[in-house]
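> Dumping the structure here so I can ask a few things about it.
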Amino acid sequence: MSLFDPGRSWAVVRKELKEYSRQRFILSTLLVPPIVLAVIGPLGASLPLYLGQHQVDPQVIDHFPRPSATIWLGPDNSSAYLANHTSNGELRLDHVGVIGLSLSFVIVQNSTLEGATLVQYSMNHSVVIGSNLTNGVATSTLLFHSNVHKSVLQNCTGLGLKIWQTMLVGSPNVQVLQQDGSSPATIAEQILAGYPLLMAVIPAVLPAGIASYALVGEKNNRSLEPLLASPLSDRELLWGKILGILLPTLGVTAMGFTLLAIVSDALVAGPLGFLLFPNLTWAIAFLALSPLLAFMAITISVVISARSTDVRSAQEVSSLLVLPVIFLFVGSILTSALTNVWVLGVLAVGLLALDAVLFQIAVDLFQREAILVKWK
């Protein structure tokens, strides 16, 4: 007889899956929480985006007097104009259009800027499209899709702005996408960015109780003795029991992660302007952390089930051993210790090594003769 026969382990897996198909409460225990959390999480995180978002009045935009540019300045034709309109290091732009120029120490009036960069500026009665503004004041100006740093916006109207360290004075029509790291958009993005890591913990928590029933439940069903007396090796039996619980858990996990990505992107893509998922953190959490954490919890619970004499004690001991590890993982997430993908990769490798050690310990602790004698 070979040391390990995958076919015999797969027979145990089929037996477990068939048993679960007859017990709907087991399937609902695995199925409902990940799906519910995958919907509730994005809904809760995105709600401030819609409650606190400034709605730009289109009539204000339509009636804003667009300045008439008498000349358009670009990289090819700006040198002579800029030289003739600079005094004491200060540039003055009036009734011009600017495309893709970087300007410093500039006063802008009645002008239109597209894709420009301004540093140390003062602006009035102008239109700014897709530009970067730093260290200045914009008054009675129409802004579109621009980044504004360390500035004061007075009586402005704007769409899709990202502003940092900026005062908004009398500008209810400014729609801010990101502000000082604490805007609703930024908070929603940060919460949802870490949500896949919380979702990765769920596959470790849910099947622990079911796994603790894995062998002690066989005693209640009077199928323990035939199972232990079968030609299955200890490794084959344990592997089959673990996979029998792990596979449906991973199936439900895939549904939860997919639903998380779909719901999150549907809710926040408009306000944020981009899709959050799938990203690298989501992929690592889904493909590595969740199955490895689930394998760890299931292995511990199955071993405890083999060493216990009743279901209640097996479940209680499993919780005592598994939950501290889960709480440590969740605590690391909440303290932003697991935000770097390299850290997540190292963690995944560490969990893989830990799972291998735990499985070998489980094989060493599993003694079928002692179990049969103990439970007779």
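Letters A, B, ... mark the chains of the structure tokens in the order given; residue numbers begin at 1 per chain; ligand numbers begin at 1, in order shown.
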Considering only C-alpha atoms, return as a PyMOL selection string whatever protein or nucleic-acid residues lie within 9 Å of Ser146 in chain A, sequence-local ones (same chain, fewer than 4 positions apart) excluded.
chain A and resi 115+128-133+158-163
> Provide the CA of Pro34 in chain A to CA of Leu354 in chain A distance in Å, to one decimal place.
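Those two atoms sit 24.8 Å apart.
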> Just give me the gap between CA of Leu232 in chain A and CA of Trp10 in chain A in Å, one decimal is fine.
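Taking CA of Leu232 in chain A as the start and CA of Trp10 in chain A as the end point, the length is 11.0 Å.
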> Give me the residues within 8 Å of Leu250 in chain A as a PyMOL selection string, counting only C-alpha atoms and dropping any in the same chain fewer than 4 places off.
chain A and resi 203+246+254+291
> Of the candidates A:Val98, A:Ala288, A:Leu91, A:Val303, which one gets nearest to Asp364 in chain A if we count only C-alpha atoms?
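Using only C-alpha atoms, Asp364 in chain A sits closest to A:Val303.
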> For CA of Leu247 in chain A and CA of Gly41 in chain A, determine how far apart the two atoms are, in Å to one decimal place.
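Taking CA of Leu247 in chain A as the start and CA of Gly41 in chain A as the end point, the length is 24.6 Å.
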> Just the strand (DSSP E or B) stuff from range 125-266 of chain A, please, per backbone DSSP, written as a count of residues only.
40
